[in-house]
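The structure appears right after this line, and notes come after that.
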Amino acid sequence: MNLTRRSFLKLAGATTAAATLTGVGLNKASAAIIVEPLRIKYSKEVYTTCTFCGVGCGIICNVRDGIIVNAEGDPDHPINEGTLCSKGSSTFNISYIYDEKGKPRLNPNRLTEVLYRAPGASDYEVIDWDTAFDMIAERIKDTRDRTLVETVDVGGQQVTVNRTNAINWLGSAWCTGEENYLFHKMVRAMGVINVDHCARL
Ligand code: SF4
C-alpha cells in the first residue's frame, strides 16, 4: 500500500477519531454500570430453604420494604454452595416479576382467589375463602366419619387402627417445611394414612 503524505494524515485522523469514539463509548458504558444502583441496595438479607424438593438448597432473599427484590443461592450453604436449579432460581417469581424498568412488581399470573368448579360444571367460579374453607372442612369430616376403620382383625385379635383409606393428603411445595410438618400432624390425627408431598418432605 502506497501512502502519500496526504493519505497518511487522513488515515491517521480517521484512526484517532475512531479510537476516541470507542473510548467515549466505553466510558459511557462503564459509567452506566457504575451509576446503575444495585438491585439489592438497602435490602435486608433473609436466609431460607428452597421448598421445591427434598434436596433443601439454601437461598438468600433480599427484602426491601417488605418486597423481595432478589433471590439467589447461598454460597455458604453446605448443600448447594451458592448454586440453584431452575426451580430454585425461580423463587423470586413465586410472588414477583421485574417490570420493564427492572423494578419488582407483583406477578400478575398469581392466583389470588379461590376457583371452584362444581360437580358437572364446565367452568370455574370465584368463591370466597370462608365458603371454600367450610366446604373443605365439611367434606373431610363427612368422608372421615363415614369411612373410619377403628379396629382390624389380626390373627383373631381386634387391633385398634383408627384409620381411613378414603382420604389422600398431598403436601405443597408452596409451603415451608414447618407448615408441611404441621399438616402432617393434623391429618395423622384424623386417621389419614395416605400422605405424600411432591418433594417427599
Ligand atoms: S428444587 Fe432445585 S434449588 Fe430447590 S431444593 Fe431442589 S435442587 Fe435445590
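Convention: chains lettered A, B, ... in C-alpha cells order; per-chain residue numbering from 1; ligands numbered from 1 as shown.
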With a distance cut-off of 12 Å and only C-alpha atoms, select the neighbouring residues of Lys141 (chain A), excluding the residue or stretch itself and same-chain residues fewer than 2 positions from it, and output the selection as a PyMOL selection string.
chain A and resi 134-139+143-148+164+166-167+187+190-192
Once you count only C-alpha atoms and all ligand atoms, which residues end up within 9 Å of ligand 1, and could you hand them over as a list of chain:residue names?
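Answer in the requested format: A:Thr49, A:Cys50, A:Thr51, A:Phe52, A:Cys53, A:Gly54, A:Val55, A:Gly56, A:Cys57, A:Gly58, A:Ile59, A:Gly73, A:Ile79, A:Asn80, A:Thr83, A:Leu84, A:Cys85, A:Ser86, A:Lys87, A:Gly88, A:Ser89, A:Ser90, A:Thr91, A:Ala199.
The closest residue to Val63 (chain A), picked from A:Arg200, A:Arg105, A:Lys41, A:His77 and counting only C-alpha atoms, is A:Lys41.
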Using DSSP assignments from the backbone, pull out every residue in region 17-152 of chain A that falls under helix (DSSP H, G or I) and give it to me as JSON, numbers by chain.
{"A": [17, 18, 19, 20, 21, 22, 23, 24, 25, 26, 27, 28, 29, 30, 31, 32, 33, 34, 35, 86, 87, 88, 89, 91, 92, 93, 94, 129, 130, 131, 132, 133, 134, 135, 136, 137, 138, 139, 140, 141, 142, 143, 144, 145, 146, 147]}
